[in-house]
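A.B. asks: Supplied in structure tokens, the structure appears directly below.
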Amino acid sequence: MHDYQRSVAANVLRMLRSNGAGGVERRGMISLPTGSGKTRVAVQAIVEAIRDDGFRGGVLWVADRDELCEQAVEAWAQVWRSEGIEAGQLRISRLWSGQPKPFPTTEDHVVVASIQTLNSRLKNRPADYKFLNEFKLVVFDEAHRSIAPTFTSVMDEIGLTYRRRADEPFLIGLTATPYRGHDPDETLRLVRRYGNARLDWGAFADDDPQNVIQELQDKGILAQADQEVIEGDTLRLTPEELEEIRRFVRDPQGWERVLAWLPSTAQDRIAHSAQRTRRILDAYKKHVEKDWPTLIFATSVEHAKTLAALLNREGVVARAVSGETRPAIRRRVVEGFRNGEIKALVNYAVFREGFDAPKTRAIIVARPVYSPNLYFQMIGRGLRGPEMTGGTDRCLILNVQDNIENFDQELAFSDLDWLWDR
């Protein structure tokens with residue numbers, strides 16, 4: 001592991017070894033930029049605790065999408081093979097997409113579950129899953145989502161209640177986004193959920209997120225980023241769309257929330273602009289080399305299909321995926337993209353987080369994005385650097401710049417000169 005990963009792993013080990021004694025928190029969060037190995041750090045530390053410290057009691061690993069669950073299973077299998085107990089066995093159970101109930105045991109056992117399946121099973125068949133209450137460690141991937149009611153319900157069921165207990169399970173959250181947009185109230189709830197403890201403090205020369213990213217770029221952990229801007233469409237929002245935005249950004253307590261996307265009706269109108277779609281295609285042909293794996297974020301399901309069809313007509317092997325794509329087909333398409341058979345993967349609302357394709361060399365953000373946190377997670381799919389397995393030196397980011405005449409919020413990429421101009 002790299003030095004910063006070893007530093008984070010040491011903090012995790014310290015927490016697990018303390019067993020809550022000496023004032024050490026039983027909860028903590030790991031926040032590392034997309035592409036810098038959050039999952040590997042957490043799994044490595046837990047495996048070392050099992051191997052060297054006799055940590056026992058079962059691990060429940062929870063994610064909110066099937067792809068993240070499968071990636072966690074792969075990480076556990078790989079790290080255990082290389083770092084686990086010699087001649088020892090680790091049982092890894094899947095609990096998502098209709099998988100059967102794992103055989104109840106808590107010894108050297110990891111259960112990887114989707115939050116949706118876990119919540120449903122705990123509500124409908126609690127007795128069958130009571131053995132999870134004996135597990136000693138819970139890990140929430142994409143932890144910035146974990147203040148949602150579904151996560152809270154699951155936490156209550158497995159013994160992680162608002163009223164903290166001395167013998168509650170350890171809790172670790174993994175995220176690239178340790179805050180909730182510009183909403184101080186939700187950010188405070190998130191911080192408290194993980195005991196006000198960051199397990200990544202001290203891993204870098206400076207804990208400011210921008211400086212962390214630049215340090216990782218300098219070390220080759222993250223790729224350097226190049227940017228080109230594509231002229232988008234000009235649009236006026238309707239009174240109904242402006243009212244929808246107003247209702248979203250105004251919190252009852254007075255907080256201002258950051259808008260992630262335009263209303264769906266506005267996005268649909270943008271997606272139907274033939275001129276805008278042609279500019280995206282022309283920019284691809286001008287700036288993207290034919291052998292570059294390229295991830296494209298489209299503006300709608302129909303837009304994704306249209307872009308993929310036009311790229312195929314230009315001789316580029318492209319596929320479109322969305323939430324409507326059946327999971328088995330989506331897995332095959334993703335594998336084709338990872339092994340180089342598919343050169344352009346066009347998606348709508350699927351691969352914003354947790355998608356691992358280290359060889360991605362170009363990204364086109366063709367959907368208007370207003371949340372800096374969300375935007376950086378999207379482009380992070382291509383920022384795996386040469387010092388990480390399969391990464392690249394540089395990644396080209398093509399940003400579509402739409403002009404919304406009666407809406408003054410800047411697109412997220414507009415404030416990232418520090419990332420491109422290096």
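Residue numbers start at 1 in each chain; chains themselves are named A, B, ... in the order of the structure tokens; ligands are numbered from 1 in the order shown.
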Which residues of region 324-382 of chain A come within 10 Å of region 229-239 of chain A, and for each one, what is the closest pair of atoms and their distance in Å to one decimal, counting only C-alpha atoms, sorted by chain and residue number, as a tab-separated table?

C.D. replies:
```
residue	atom	partner	partner_atom	distance
A:Ile364	CA	A:Ile230	CA	9.4
A:Val365	CA	A:Ile230	CA	9.6
A:Ala366	CA	A:Gly232	CA	8.5
A:Arg367	CA	A:Gly232	CA	9.9
A:Pro368	CA	A:Gly232	CA	9.6
```

A.B. asks: For those residues, write C-alpha atoms to a file as a PDB file, in the first residue's frame.

C.D. replies:
```pdb
ATOM      1  CA  ILE A 364     -17.692  13.473 -21.523  1.00  0.00           C
ATOM      2  CA  VAL A 365     -20.050  15.188 -19.088  1.00  0.00           C
ATOM      3  CA  ALA A 366     -23.031  15.817 -21.369  1.00  0.00           C
ATOM      4  CA  ARG A 367     -25.523  16.225 -18.534  1.00  0.00           C
ATOM      5  CA  PRO A 368     -25.716  19.591 -16.726  1.00  0.00           C
TER       6      PRO A 368
END
```

A.B. asks: Find the residues around Ile342 (chain A) up to 10 Å (only C-alpha atoms counted), leave out those fewer than 6 positions away in its own chain, and share them as an MDAnalysis selection string.

C.D. replies: chainID A and resid 291 293:294 316:319 333:336

A.B. asks: Of the residues A:Trp201, A:Phe413, A:Phe131, A:Phe248, which is the one nearest to Val8 (chain A), using only C-alpha atoms?

C.D. replies: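 Under the stated criterion, the closest residue is A:Trp201.
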
A.B. asks: In terms of the shortest atom-to-atom distance over only C-alpha atoms, which of A:Leu419, A:Val59, A:Ile245, A:Leu216 is closest to Phe407 (chain A)?

C.D. replies: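 Closest candidate: A:Ile245.
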
A.B. asks: Of the candidates A:Glu74, A:Thr360, A:Arg17, A:Thr34, which shows the shortest atom-to-atom distance to Glu48 (chain A), using only C-alpha atoms?

C.D. replies: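 Residue with the minimum atom-to-atom distance to Glu48 (chain A): A:Arg17.
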
A.B. asks: Apply DSSP to the structure's backbone, then extract all residues of region 202-320 of chain A labelled helix (DSSP H, G or I) and return them as a PyMOL selection string.

C.D. replies: chain A and resi 209-218+239-249+264-271+274-287+301-313

A.B. asks: Given only C-alpha atoms as the basis, pick out the residue of A:Ala49, A:Val191, A:Ala309, A:Val301 nearest to Met15 (chain A).

C.D. replies: A:Ala49

A.B. asks: What are the closest atom pairs, with distances in Å to one decimal, for all residues of region 187-215 of chain A lying within 12 Å of region 36-40 of chain A? Consider only C-alpha atoms, order rows by chain and residue number, and present the result as a Markdown table.

C.D. replies:
```
| residue | atom | partner | partner_atom | distance |
| --- | --- | --- | --- | --- |
| A:Leu199 | CA | A:Lys38 | CA | 11.2 |
| A:Asp200 | CA | A:Lys38 | CA | 10.1 |
| A:Val212 | CA | A:Ser36 | CA | 10.6 |
| A:Ile213 | CA | A:Ser36 | CA | 9.4 |
| A:Glu215 | CA | A:Ser36 | CA | 11.4 |
```

A.B. asks: For the selection just defined, write its residues with C-alpha atoms to a file, as an mmCIF file, in the first residue's frame.

C.D. replies:
```
data_model
loop_
_atom_site.group_PDB
_atom_site.id
_atom_site.type_symbol
_atom_site.label_atom_id
_atom_site.label_comp_id
_atom_site.auth_asym_id
_atom_site.auth_seq_id
_atom_site.Cartn_x
_atom_site.Cartn_y
_atom_site.Cartn_z
ATOM 1 C CA LEU A 199 -9.863 7.972 10.132
ATOM 2 C CA ASP A 200 -7.986 9.715 7.312
ATOM 3 C CA VAL A 212 -5.233 16.331 -1.015
ATOM 4 C CA ILE A 213 -6.206 15.838 -4.667
ATOM 5 C CA GLU A 215 -0.863 15.833 -3.612
#
```
